[in-house]
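Content type mmCIF, C-alpha atoms and all ligand atoms, from the file target_5.cif:
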```cif
data_data
#
loop_
_atom_site.label_atom_id
_atom_site.label_comp_id
_atom_site.auth_asym_id
_atom_site.auth_seq_id
_atom_site.Cartn_x
_atom_site.Cartn_y
_atom_site.Cartn_z
CA MET K 1 81.17 85.15 99.89
CA HIS K 2 78.78 86.35 102.50
CA ASN K 3 79.52 89.56 104.41
CA SER K 4 81.12 91.24 101.45
CA ASN K 5 83.85 93.73 102.24
CA TYR K 6 83.29 93.66 105.95
CA GLU K 7 86.26 95.41 107.42
CA ASN K 8 87.29 95.80 110.99
CA ASN K 9 90.02 98.07 112.24
CA MET K 10 91.72 96.40 115.14
CA LYS K 11 93.45 98.44 117.78
CA ASN K 12 96.67 96.69 116.96
CA ASN K 13 96.46 97.76 113.36
CA GLN K 14 95.68 94.55 111.53
CA ARG K 15 92.84 94.90 109.08
CA ILE K 16 90.77 91.79 108.42
CA ILE K 17 88.86 91.92 105.19
CA ILE K 18 86.22 89.33 104.47
CA SER K 19 86.41 89.54 100.75
CA ASP K 20 84.11 88.62 97.93
CA ASN K 21 86.36 90.37 95.44
CA LEU K 22 89.89 89.22 96.05
CA GLU K 23 91.52 91.24 93.28
CA GLN K 24 89.93 94.49 94.38
CA ASP K 25 90.63 93.93 98.08
CA LEU K 26 94.21 92.84 97.47
CA THR K 27 94.78 95.84 95.21
CA ASN K 28 93.50 98.19 97.93
CA ALA K 29 95.64 96.49 100.54
CA ILE K 30 98.80 96.59 98.44
CA ASN K 31 98.19 100.26 97.64
CA GLN K 32 98.18 100.97 101.37
CA CYS K 33 101.51 99.19 101.91
CA GLU K 34 104.19 101.29 100.28
CA HIS K 35 106.65 98.87 98.70
CA ASP K 36 109.45 98.55 96.20
CA LYS K 37 108.96 94.86 95.45
CA ILE K 38 106.46 92.10 96.22
CA PHE K 39 107.37 88.57 97.30
CA ILE K 40 104.76 85.82 97.56
CA LEU K 41 105.45 82.95 99.96
CA ILE K 42 103.76 79.70 98.98
CA ASP K 43 104.19 76.04 99.82
CA SER K 44 104.45 73.38 97.14
CA SER K 45 100.66 72.78 97.30
CA THR K 46 99.46 76.37 97.37
CA GLU K 47 101.85 77.03 94.48
CA HIS K 48 99.65 74.83 92.26
CA LEU K 49 96.26 75.19 93.91
CA CYS K 50 96.12 78.81 95.08
CA LEU K 51 98.70 80.93 93.25
CA PRO K 52 96.92 80.44 89.87
CA LEU K 53 93.87 82.19 91.35
CA ILE K 54 95.80 85.42 91.89
CA GLU K 55 98.89 85.36 89.70
CA GLY K 56 97.33 87.42 86.90
CA TYR K 57 96.38 90.31 89.14
CA GLN K 58 97.86 93.58 87.95
CA CYS K 59 98.51 94.74 91.51
CA LEU K 60 101.14 91.98 91.84
CA ASN K 61 103.14 93.20 88.87
CA GLY K 62 106.74 91.90 88.89
CA TYR K 63 106.44 89.76 91.99
CA ASP K 64 108.88 86.98 92.98
CA THR K 65 107.77 83.72 94.56
CA ILE K 66 109.42 81.83 97.38
CA THR K 67 108.32 78.21 97.59
CA ILE K 68 108.73 76.07 100.68
CA GLY K 69 107.71 72.48 101.51
CA THR K 70 104.38 71.52 103.04
CA SER K 71 103.26 70.57 106.55
CA ASP K 72 104.43 71.41 110.03
CA THR K 73 107.56 69.28 109.65
CA VAL K 74 109.06 72.19 107.67
CA LYS K 75 107.95 74.97 110.03
CA ASN K 76 111.54 75.14 111.23
CA LEU K 77 114.82 77.04 111.23
CA ASP K 78 116.02 75.54 107.92
CA THR K 79 112.94 76.78 106.09
CA LEU K 80 113.15 80.16 107.79
CA ASP K 81 116.78 80.36 106.66
CA LYS K 82 115.64 79.59 103.11
CA VAL K 83 113.02 82.35 103.17
CA TRP K 84 115.46 84.94 104.56
CA THR K 85 118.05 83.90 101.93
CA ASN K 86 115.53 84.13 99.09
CA LEU K 87 114.40 87.54 100.24
CA GLY K 88 117.98 88.78 100.42
CA ASN K 89 119.12 87.24 97.13
CA GLY K 90 115.92 88.41 95.45
CA GLY K 91 116.76 92.02 96.26
CA ALA K 92 114.29 92.59 99.09
CA SER K 93 114.77 95.82 101.00
CA ARG K 94 113.17 96.99 104.22
CA HIS K 95 110.49 98.49 101.97
CA SER K 96 109.53 95.22 100.32
CA LEU K 97 106.24 93.48 100.94
CA LEU K 98 105.72 89.78 101.65
CA ILE K 99 102.39 88.13 100.85
CA ASN K 100 101.83 84.84 102.67
CA LEU K 101 99.55 82.68 100.54
CA GLY K 102 98.82 79.47 102.37
CA GLY K 103 97.73 77.77 105.54
CA GLY K 104 98.85 78.46 109.08
CA MET K 105 102.28 76.98 108.49
CA VAL K 106 102.93 79.57 105.77
CA THR K 107 101.37 82.49 107.67
CA ASP K 108 103.23 81.62 110.92
CA LEU K 109 106.62 81.09 109.29
CA GLY K 110 106.20 83.82 106.68
CA GLY K 111 105.01 86.25 109.33
CA PHE K 112 108.10 85.53 111.42
CA ALA K 113 110.42 85.78 108.40
CA ALA K 114 108.90 89.16 107.50
CA SER K 115 109.02 90.37 111.11
CA THR K 116 112.74 89.66 111.38
CA PHE K 117 114.11 90.33 107.88
CA LYS K 118 116.02 93.63 108.07
CA ARG K 119 114.25 94.07 111.46
CA GLY K 120 110.86 93.88 109.88
CA ILE K 121 109.06 94.34 106.59
CA ASN K 122 105.33 94.60 105.95
CA PHE K 123 103.34 91.47 105.22
CA ILE K 124 99.85 90.55 104.15
CA ASN K 125 98.19 87.20 104.92
CA ILE K 126 95.93 85.49 102.42
CA PRO K 127 94.84 82.36 104.29
CA THR K 128 93.97 79.37 102.12
CA THR K 129 93.00 76.73 104.71
CA LEU K 130 90.01 76.78 107.02
CA LEU K 131 92.35 76.78 110.01
CA ALA K 132 94.29 79.78 108.76
CA MET K 133 91.08 81.66 107.90
CA VAL K 134 89.47 81.31 111.32
CA ASP K 135 92.62 81.40 113.42
CA ALA K 136 96.26 81.36 112.27
CA SER K 137 96.27 84.33 109.90
CA VAL K 138 94.78 86.64 112.53
CA GLY K 139 96.17 88.08 115.76
CA GLY K 140 99.88 88.48 115.24
CA LYS K 141 101.33 85.24 116.63
CA THR K 142 104.15 84.31 114.26
CA GLY K 143 106.92 81.76 114.64
CA ILE K 144 108.43 78.35 114.07
CA ASN K 145 108.69 75.05 115.90
CA TYR K 146 112.06 74.54 117.58
CA ASN K 147 113.77 71.97 119.80
CA GLY K 148 110.83 69.60 119.37
CA LEU K 149 108.36 72.18 120.70
CA LYS K 150 105.50 73.94 118.97
CA ASN K 151 105.96 77.65 118.17
CA GLU K 152 108.91 77.82 120.52
CA ILE K 153 110.52 80.77 118.70
CA GLY K 154 108.52 83.69 117.40
CA VAL K 155 107.22 87.20 117.88
CA PHE K 156 103.89 88.93 118.14
CA ASN K 157 103.60 91.07 115.04
CA ASP K 158 100.56 91.79 112.93
CA SER K 159 100.25 91.43 109.23
CA LYS K 160 99.02 94.72 107.81
CA PHE K 161 96.03 92.96 106.25
CA VAL K 162 94.33 89.60 106.35
CA ILE K 163 92.30 89.03 103.21
CA LEU K 164 89.92 86.20 103.74
CA ASN K 165 88.26 84.64 100.72
CA THR K 166 86.65 81.24 101.15
CA THR K 167 86.95 80.30 97.46
CA PHE K 168 90.27 78.71 98.41
CA LEU K 169 88.40 76.11 100.48
CA ASN K 170 87.10 74.44 97.32
CA THR K 171 90.35 72.47 96.93
CA LEU K 172 90.93 71.68 100.61
CA ASP K 173 90.75 68.00 101.61
CA ASN K 174 88.42 66.71 104.31
CA MET K 175 91.13 66.16 106.93
CA ASN K 176 92.19 69.79 106.67
CA ILE K 177 88.55 70.90 106.84
CA CYS K 178 88.25 68.89 110.07
CA SER K 179 91.53 70.33 111.35
CA GLY K 180 90.34 73.92 110.91
CA TYR K 181 86.95 73.01 112.27
CA ALA K 182 88.54 72.03 115.61
CA GLU K 183 89.60 75.65 116.14
CA MET K 184 86.05 76.72 115.23
CA LEU K 185 84.73 74.31 117.85
CA LYS K 186 87.15 75.89 120.32
CA HIS K 187 85.76 79.32 119.42
CA GLY K 188 82.25 78.00 120.05
CA LEU K 189 83.19 76.50 123.43
CA ILE K 190 84.74 79.74 124.64
CA SER K 191 81.85 81.86 123.29
CA ASN K 192 78.24 80.85 123.70
CA GLU K 193 75.87 77.92 123.68
CA LYS K 194 74.18 78.85 120.39
CA MET K 195 77.44 78.76 118.47
CA TRP K 196 78.52 75.55 120.19
CA ALA K 197 75.18 73.83 119.45
CA GLU K 198 75.40 74.74 115.76
CA LEU K 199 78.98 73.51 115.62
CA ILE K 200 78.37 70.10 117.19
CA SER K 201 75.40 69.39 114.97
CA PHE K 202 77.38 69.94 111.76
CA ASP K 203 78.12 66.98 109.48
CA LEU K 204 81.88 66.91 108.97
CA VAL K 205 81.86 63.79 106.76
CA ASN K 206 79.78 65.53 104.09
CA PRO K 207 80.35 69.17 105.01
CA ASP K 208 77.95 71.74 103.59
CA LEU K 209 80.64 74.08 102.25
CA ALA K 210 78.23 76.97 101.70
CA LYS K 211 77.10 76.78 105.33
CA LEU K 212 80.69 76.41 106.52
CA GLN K 213 81.69 79.50 104.59
CA ARG K 214 78.99 81.46 106.38
CA MET K 215 80.25 80.17 109.74
CA VAL K 216 83.82 81.34 109.03
CA ALA K 217 83.04 85.03 109.55
CA ASP K 218 81.45 84.39 112.97
CA SER K 219 84.32 82.20 114.01
CA VAL K 220 87.08 84.62 113.08
CA SER K 221 85.23 87.42 114.82
CA VAL K 222 85.48 85.46 118.10
CA LYS K 223 89.25 85.50 117.73
CA GLU K 224 89.36 89.12 116.62
CA GLN K 225 87.40 90.36 119.61
CA ILE K 226 89.60 88.52 122.10
CA VAL K 227 92.86 89.56 120.45
CA ASP K 228 91.64 93.13 120.34
CA LYS K 229 91.27 93.12 124.14
CA ASP K 230 94.58 91.41 124.87
CA PRO K 231 96.95 91.25 121.88
CA LEU K 232 99.95 90.02 123.87
CA GLU K 233 98.19 87.21 125.79
CA GLN K 234 98.54 88.65 129.24
CA GLY K 235 95.03 87.66 130.27
CA ILE K 236 91.88 86.84 128.34
CA ARG K 237 93.73 85.85 125.14
CA LYS K 238 94.64 82.66 127.01
CA ALA K 239 91.05 81.62 126.20
CA LEU K 240 92.20 81.07 122.61
CA ASN K 241 94.66 78.53 123.97
CA PHE K 242 91.90 76.28 125.32
CA GLY K 243 92.81 72.69 124.37
CA HIS K 244 96.39 73.65 123.52
CA THR K 245 98.25 72.76 126.75
CA ALA K 246 97.51 69.08 126.16
CA GLY K 247 97.04 69.59 122.40
CA HIS K 248 100.53 70.95 121.76
CA ALA K 249 101.97 68.14 123.91
CA PHE K 250 100.21 65.59 121.66
CA GLU K 251 101.37 67.43 118.56
CA SER K 252 105.02 67.65 119.63
CA PHE K 253 104.93 64.04 120.85
CA ALA K 254 103.55 62.83 117.51
CA LEU K 255 106.11 64.91 115.58
CA LYS K 256 108.94 63.44 117.66
CA GLN K 257 107.68 59.93 116.95
CA GLY K 258 107.70 60.60 113.21
CA ARG K 259 103.91 60.31 112.90
CA PRO K 260 102.84 63.97 112.73
CA ILE K 261 99.21 64.86 113.27
CA LEU K 262 97.46 67.96 111.99
CA HIS K 263 97.34 70.86 114.46
CA GLY K 264 93.54 70.89 114.62
CA TYR K 265 93.44 67.18 115.42
CA ALA K 266 95.91 67.75 118.26
CA VAL K 267 93.72 70.60 119.54
CA ALA K 268 90.60 68.41 119.31
CA TYR K 269 92.36 65.72 121.38
CA GLY K 270 93.65 68.36 123.79
CA MET K 271 90.11 69.68 124.23
CA ILE K 272 88.96 66.21 125.35
CA CYS K 273 91.54 66.29 128.18
CA GLU K 274 90.83 69.91 129.06
CA LEU K 275 87.05 69.42 129.03
CA TYR K 276 87.61 66.55 131.46
CA LEU K 277 89.71 68.83 133.70
CA SER K 278 87.08 71.56 133.30
CA ALA K 279 84.36 69.21 134.53
CA ALA K 280 86.51 67.79 137.33
CA LEU K 281 87.96 71.07 138.59
CA VAL K 282 85.72 74.01 137.70
CA GLY K 283 82.25 72.51 137.20
CA PHE K 284 81.82 72.26 133.41
CA PRO K 285 78.51 70.38 132.89
CA THR K 286 79.23 66.70 132.26
CA ASP K 287 76.41 66.29 129.71
CA LYS K 288 77.91 68.99 127.48
CA MET K 289 81.37 67.54 128.01
CA ARG K 290 80.11 64.10 126.88
CA GLN K 291 78.32 65.58 123.82
CA THR K 292 81.45 67.44 122.75
CA VAL K 293 83.72 64.45 123.36
CA LYS K 294 81.36 62.22 121.34
CA PHE K 295 81.51 64.68 118.44
CA ILE K 296 85.32 64.82 118.57
CA LYS K 297 85.73 61.04 118.78
CA GLU K 298 83.31 60.54 115.89
CA TYR K 299 85.13 62.84 113.48
CA TYR K 300 88.73 62.88 114.72
CA GLY K 301 89.15 59.28 115.92
CA LEU K 302 91.68 58.70 118.63
CA PHE K 303 95.36 59.28 119.12
CA ASP K 304 97.29 56.22 120.19
CA PHE K 305 99.52 56.36 123.28
CA THR K 306 99.89 54.33 126.46
CA CYS K 307 100.28 55.14 130.14
CA ASN K 308 104.05 54.71 129.65
CA ASP K 309 103.91 57.95 127.63
CA TYR K 310 102.26 60.04 130.37
CA ASP K 311 105.52 61.34 131.86
CA HIS K 312 106.75 62.41 128.43
CA LEU K 313 103.45 64.20 127.68
CA LEU K 314 103.60 65.91 131.08
CA GLU K 315 107.17 67.01 130.41
CA LEU K 316 106.05 68.52 127.10
CA MET K 317 103.28 70.42 128.91
CA THR K 318 105.89 72.01 131.18
CA HIS K 319 107.07 73.99 128.11
CA ASP K 320 103.68 75.59 127.45
CA LYS K 321 104.03 79.35 126.92
CA LYS K 322 101.29 80.14 129.42
CA ASN K 323 103.31 78.60 132.27
CA THR K 324 105.11 80.55 134.97
CA ALA K 325 107.89 79.15 137.18
CA GLY K 326 107.43 75.63 135.84
CA ILE K 327 103.76 75.39 136.86
CA ILE K 328 101.53 74.12 134.07
CA ASN K 329 98.85 76.67 133.26
CA PHE K 330 95.52 75.58 131.80
CA THR K 331 92.63 77.55 130.41
CA LEU K 332 89.50 75.76 131.60
CA LEU K 333 85.76 76.35 131.26
CA SER K 334 83.09 76.36 133.98
CA GLY K 335 80.51 76.34 131.24
CA ILE K 336 80.28 77.22 127.57
CA GLY K 337 81.61 80.76 127.32
CA ASP K 338 82.53 80.78 131.02
CA ILE K 339 86.30 81.04 130.79
CA LYS K 340 88.67 80.37 133.68
CA ILE K 341 92.25 81.27 132.83
CA ASN K 342 95.35 80.47 134.92
CA GLN K 343 94.13 77.15 136.29
CA THR K 344 96.46 74.51 137.68
CA ALA K 345 96.04 70.76 138.05
CA THR K 346 98.00 68.14 139.94
CA LYS K 347 100.03 65.49 138.16
CA GLU K 348 97.37 62.93 139.19
CA GLU K 349 94.56 65.07 137.73
CA ILE K 350 96.47 65.50 134.47
CA PHE K 351 97.10 61.75 134.30
CA ASP K 352 93.37 61.18 134.99
CA SER K 353 92.58 63.37 132.00
CA LEU K 354 94.89 61.23 129.85
CA ASP K 355 93.14 58.08 131.21
CA PHE K 356 89.81 59.70 130.31
CA PHE K 357 91.09 60.42 126.80
CA ARG K 358 92.04 56.76 126.29
CA GLU K 359 89.10 55.15 128.03
CA GLY K 360 86.39 57.73 128.79
N1 LIG K 401 99.40 82.00 114.69
C1 LIG K 401 98.30 81.49 115.17
O1 LIG K 401 97.52 82.16 115.86
C2 LIG K 401 97.96 80.07 114.87
C3 LIG K 401 96.68 79.60 115.16
C4 LIG K 401 96.38 78.28 114.87
C5 LIG K 401 97.33 77.47 114.27
N2 LIG K 401 98.55 77.96 113.98
C6 LIG K 401 99.55 77.14 113.29
O2 LIG K 401 99.04 76.90 111.98
C7 LIG K 401 99.61 75.70 111.48
C8 LIG K 401 98.52 74.83 110.91
O3 LIG K 401 97.89 75.51 109.86
P1 LIG K 401 97.12 74.72 108.70
O4 LIG K 401 96.23 73.72 109.29
O5 LIG K 401 96.58 75.73 107.80
O6 LIG K 401 98.28 73.87 108.07
P2 LIG K 401 99.18 74.04 106.76
O7 LIG K 401 99.56 75.41 106.48
O8 LIG K 401 100.27 73.04 106.93
O9 LIG K 401 98.19 73.57 105.60
C9 LIG K 401 97.67 72.26 105.59
C10 LIG K 401 97.81 71.61 104.21
O10 LIG K 401 96.87 72.20 103.33
C11 LIG K 401 97.53 72.57 102.11
N3 LIG K 401 96.74 73.67 101.55
C12 LIG K 401 96.76 74.97 101.91
N4 LIG K 401 95.80 75.64 101.26
C13 LIG K 401 95.16 74.75 100.48
C14 LIG K 401 94.07 74.84 99.59
N5 LIG K 401 93.39 75.98 99.41
N6 LIG K 401 93.67 73.72 98.93
C15 LIG K 401 94.31 72.55 99.14
N7 LIG K 401 95.35 72.39 99.98
C16 LIG K 401 95.76 73.49 100.65
C17 LIG K 401 98.91 72.91 102.54
O11 LIG K 401 99.80 72.84 101.45
C18 LIG K 401 99.18 71.81 103.58
O12 LIG K 401 99.55 70.63 102.93
C19 LIG K 401 100.33 75.06 112.64
O13 LIG K 401 101.68 75.30 112.50
C20 LIG K 401 99.78 75.77 113.85
O14 LIG K 401 100.71 75.77 114.91
C21 LIG K 401 98.88 79.24 114.28
O1 LIG K 402 95.94 83.15 118.91
C1 LIG K 402 96.12 82.58 119.98
O2 LIG K 402 96.40 83.21 121.01
C2 LIG K 402 96.03 81.13 120.09
O3 LIG K 402 96.38 80.56 121.11
C3 LIG K 402 95.49 80.40 118.90
C4 LIG K 402 95.94 78.96 118.80
O4 LIG K 402 94.93 78.27 118.07
C5 LIG K 402 97.24 78.78 118.03
O5 LIG K 402 97.48 77.41 117.84
C6 LIG K 402 98.47 79.47 118.57
O6 LIG K 402 99.50 79.43 117.62
C7 LIG K 402 98.99 78.83 119.82
O7 LIG K 402 99.93 79.68 120.35
P1 LIG K 402 101.03 79.25 121.44
O8 LIG K 402 101.35 80.56 122.06
O9 LIG K 402 100.37 78.29 122.39
O10 LIG K 402 102.13 78.63 120.69
ZN ZN K 403 95.62 76.31 117.58
#
```
Let me see whether you can do it: turn the structure in this file into structure tokens.
Ligand SMILES: NC(=O)c1ccc[n+]([C@@H]2O[C@H](COP(=O)([O-])OP(=O)(O)OC[C@H]3O[C@@H](n4cnc5c(N)ncnc54)[C@H](O)[C@@H]3O)[C@@H](O)[C@H]2O)c1
Ligand SMILES: O=C(O)C(=O)C[C@@H](O)[C@H](O)[C@H](O)COP(=O)(O)O
Ligand SMILES: [Zn+2]
Amino acid sequence: MHNSNYENNMKNNQRIIISDNLEQDLTNAINQCEHDKIFILIDSSTEHLCLPLIEGYQCLNGYDTITIGTSDTVKNLDTLDKVWTNLGNGGASRHSLLINLGGGMVTDLGGFAASTFKRGINFINIPTTLLAMVDASVGGKTGINYNGLKNEIGVFNDSKFVILNTTFLNTLDNMNICSGYAEMLKHGLISNEKMWAELISFDLVNPDLAKLQRMVADSVSVKEQIVDKDPLEQGIRKALNFGHTAGHAFESFALKQGRPILHGYAVAYGMICELYLSAALVGFPTDKMRQTVKFIKEYYGLFDFTCNDYDHLLELMTHDKKNTAGIINFTLLSGIGDIKINQTATKEEIFDSLDFFREG
């Protein structure tokens, strides 16, 4: 991997290592986390596709695995219960170490399990999807879906290390590449025009994996820098939630209807609505909105809903974690990299953005 052994000490104590030598970097990380026993959390895919890449490492000597199901449908209380139970029955103490080996579902749920087990044990994230590499494994948001809502229960708590090695991407399917890429596109939109231009000229049908791997480091550094300034999302971190007010509503809606969509697809759809609101309310240039929307529609297709669903989608948006006193809070953009947090929109404007999504 590019950028070998780049290491950044964040204020909030999470070390992100862009690794070209996973065994060495994991060994160093484990040595810095005093522990009596190691547990590795995997899902039933990463068990077969990712664990074999690390299971022979000497630094993992005597580890136990905890295997959970795949996809966001299992990012719930039952699975959390299973992880806590396995930790307890496996002899975990407060001095044990959990390694989350997987995508964002595993790092979110595993991070929350570790943060709450015996009031908190250390954990290390080894992200294995593009989405987890550029976003989910970094920044300390952990949690589960609950009551039909995304990430409704959770805590901010950093993993001690994130060890990012893009070799894992070799087995990732195209839909999950696209899903992670949506968060990269978000990072471009909230950063600068150069990054955005490179992102929307990328071919996602036949992705150049070597180029993508080089883009990962830039993308995660966008997140790192923002989280470093505002770890608890009191201000500028809301930029990282661009596309998520509508996006999480789509995601929860789809989950409720028994036709789950990948998180990144939901964010891509949410960005269409929020780019529309950005253009309508805070002056985002319409040509750049159209270019971005064209890119999203080309690679992510469309999400099917009718105007009869608008009230339900609006109700879901009222649960967004950025809201105060029931008022829906959007992060909008006046231009690429020109972030406007704490924006409101009327019900009519939100419905217009849903019309734009379906017809625009
Ligand atoms: N905490 C945060 O800041 C944050 C940020 C963004 C997203 N998220 C959360 O992350 C989750 C989505 O993460 P995700 O997209 O990684 O989903 P995921 O963890 O469900 O992984 C997607 C699929 O890829 C499989 N997989 C994982 N690694 C693989 C590999 N190397 N090769 C082949 N298959 C592999 C998984 O088994 C799963 O089937 C959502 O729950 C979302 O809410 C959290
Ligand atoms: O790290 C953040 O902050 C983000 O908002 C990143 C998002 O991509 C991510 O989906 C996050 O989990 C959303 O958090 P939530 O607080 O809206 O549940
Ligand atoms: Zn997201």
For ligand ZN 403 (chain K), return the neighbouring residues as a PyMOL selection string (distance at most 12 Å; only C-alpha atoms and all ligand atoms).
chain K and resi 104-105+108+130-139+141+150-151+179-187+223+238-248+251+262-271
Can you tell me which residues surround Gly62 in chain K at a distance of at most 10 Å, considering all atoms listed in the file, apart from same-chain residues fewer than 4 positions away, and format the answer as a PyMOL selection string?
chain K and resi 37-39+58
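Going from CA of Phe156 in chain K to atom C7 of ligand LIG 401 (chain K) covers 15.4 Å.
Distances to ligand LIG 402 (chain K) were evaluated for K:Thr286, K:Ser191, K:Asn13, K:Gln225 using all atoms listed in the file, and the minimum falls at K:Gln225.
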If we count all atoms listed in the file, what is near Phe303 in chain K at a cut-off of 10 Å, once residues fewer than 3 positions away on the same chain are taken out, given as a list in words?
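Contacts, with the query itself left out: Phe250, Ala254, Ile261, Tyr265, Ala266, Tyr269, Lys297, Tyr300, Thr306, Phe357 and Arg358 of chain K.
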Closest of K:Asn170, K:Thr346, K:Thr142, K:Asn86 to ligand LIG 402 (chain K) - atom-to-atom distances counting all atoms listed in the file
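Checking each of K:Asn170, K:Thr346, K:Thr142, K:Asn86 against ligand LIG 402 (chain K), counting all atoms listed in the file, the winner is K:Thr142.
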Using all atoms listed in the file, find the one residue out of K:Ile226, K:Leu101, K:Val293, K:Ala217 that sits nearest to ligand LIG 401 (chain K).
K:Leu101
Proximity to Ile296 in chain K - best of K:Asn21, K:Asn157, K:Ser201, K:Thr73, all atoms listed in the file
K:Ser201
Nearest candidate to ligand LIG 402 (chain K) (options K:Leu255, K:Leu302, K:Ala280, K:Leu149; using only C-alpha atoms and all ligand atoms)
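Checking each of K:Leu255, K:Leu302, K:Ala280, K:Leu149 against ligand LIG 402 (chain K), counting only C-alpha atoms and all ligand atoms, the winner is K:Leu149.
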What gap, in Å, lies between CA of Gln32 in chain K and atom O8 of ligand LIG 402 (chain K)?
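A separation of 29.2 Å between them.
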From the list K:Val227, K:Cys307, K:Ile190, K:Leu204, which residue is nearest ligand LIG 402 (chain K) when using all atoms listed in the file?
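That would be K:Val227, the residue with the smallest distance to ligand LIG 402 (chain K).
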In Å to one decimal, how far is CA of Ile126 in chain K from CA of Ile144 in chain K?
18.5 Å
Given 3 Å on each side, where is the centre and what are the edge lengths in Å to one decimal of the axis-aligned box enclosing the listed atoms of ligand LIG 402 (chain K), as AutoDock Vina command-line options?
```
--center_x 98.5 --center_y 80.3 --center_z 120.0 --size_x 13.2 --size_y 11.8 --size_z 10.8
```
Counting all atoms listed in the file, which residues come within 10 Å of (92.5, 74.7, 98.9), with the point read in the file's coordinates, and could you list them as a PyMOL selection string?
chain K and resi 45-46+48-50+102-103+127-130+166-173+176-177
Within 10 Å of (106.2, 72.6, 102.2) (file coordinates; only C-alpha atoms), which protein or nucleic acid residues are there? I'd like them as a PyMOL selection string.
chain K and resi 42-47+67-75+79+105-106
Test item: residues at most 12 Å from Leu60 in chain K, all atoms listed in the file, excluding those fewer than 3 positions along its chain, as a PyMOL selection string:
chain K and resi 23-24+26-31+35-40+51+54-57+63-65+97-99
Name the residues in contact with Lys82 in chain K at a cut-off of 10 Å, using only C-alpha atoms, excluding same-chain residues fewer than 5 positions from it; report them as a list in words.
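So the residues in contact are Ile66, Thr67, Ile68, Leu77, Leu87, Gly88 and Ala113 of chain K.
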With N, CA and C atoms as the goal, would you fill in the gaps in range 318-331 of chain K and present it as a PDB file, in the frame of the given file?
```
ATOM      1  N   THR K 318     105.144  71.048 130.350  1.00  0.00           N
ATOM      2  CA  THR K 318     105.890  72.010 131.180  1.00  0.00           C
ATOM      3  C   THR K 318     106.529  73.122 130.333  1.00  0.00           C
ATOM      4  N   HIS K 319     106.514  72.947 128.997  1.00  0.00           N
ATOM      5  CA  HIS K 319     107.070  73.990 128.110  1.00  0.00           C
ATOM      6  C   HIS K 319     105.996  74.930 127.572  1.00  0.00           C
ATOM      7  N   ASP K 320     104.756  74.735 127.967  1.00  0.00           N
ATOM      8  CA  ASP K 320     103.680  75.590 127.450  1.00  0.00           C
ATOM      9  C   ASP K 320     103.988  77.067 127.746  1.00  0.00           C
ATOM     10  N   LYS K 321     103.679  77.921 126.765  1.00  0.00           N
ATOM     11  CA  LYS K 321     104.030  79.350 126.920  1.00  0.00           C
ATOM     12  C   LYS K 321     103.177  80.082 127.948  1.00  0.00           C
ATOM     13  N   LYS K 322     102.106  79.486 128.384  1.00  0.00           N
ATOM     14  CA  LYS K 322     101.290  80.140 129.420  1.00  0.00           C
ATOM     15  C   LYS K 322     101.857  79.909 130.828  1.00  0.00           C
ATOM     16  N   ASN K 323     102.792  78.966 130.932  1.00  0.00           N
ATOM     17  CA  ASN K 323     103.310  78.600 132.270  1.00  0.00           C
ATOM     18  C   ASN K 323     104.155  79.711 132.893  1.00  0.00           C
ATOM     19  N   THR K 324     104.181  79.697 134.221  1.00  0.00           N
ATOM     20  CA  THR K 324     105.110  80.550 134.970  1.00  0.00           C
ATOM     21  C   THR K 324     105.803  79.660 135.997  1.00  0.00           C
ATOM     22  N   ALA K 325     107.110  79.845 136.154  1.00  0.00           N
ATOM     23  CA  ALA K 325     107.890  79.150 137.180  1.00  0.00           C
ATOM     24  C   ALA K 325     107.632  77.637 137.171  1.00  0.00           C
ATOM     25  N   GLY K 326     107.535  77.087 135.961  1.00  0.00           N
ATOM     26  CA  GLY K 326     107.430  75.630 135.840  1.00  0.00           C
ATOM     27  C   GLY K 326     106.056  75.051 136.189  1.00  0.00           C
ATOM     28  N   ILE K 327     105.098  75.914 136.521  1.00  0.00           N
ATOM     29  CA  ILE K 327     103.760  75.390 136.860  1.00  0.00           C
ATOM     30  C   ILE K 327     102.880  75.401 135.609  1.00  0.00           C
ATOM     31  N   ILE K 328     102.323  74.240 135.302  1.00  0.00           N
ATOM     32  CA  ILE K 328     101.530  74.120 134.070  1.00  0.00           C
ATOM     33  C   ILE K 328     100.231  74.907 134.217  1.00  0.00           C
ATOM     34  N   ASN K 329      99.988  75.742 133.224  1.00  0.00           N
ATOM     35  CA  ASN K 329      98.850  76.670 133.260  1.00  0.00           C
ATOM     36  C   ASN K 329      97.809  76.237 132.226  1.00  0.00           C
ATOM     37  N   PHE K 330      96.611  75.965 132.704  1.00  0.00           N
ATOM     38  CA  PHE K 330      95.520  75.580 131.800  1.00  0.00           C
ATOM     39  C   PHE K 330      94.504  76.717 131.689  1.00  0.00           C
ATOM     40  N   THR K 331      93.862  76.773 130.525  1.00  0.00           N
ATOM     41  CA  THR K 331      92.630  77.550 130.410  1.00  0.00           C
ATOM     42  C   THR K 331      91.505  76.538 130.491  1.00  0.00           C
TER      43      THR K 331
END
```
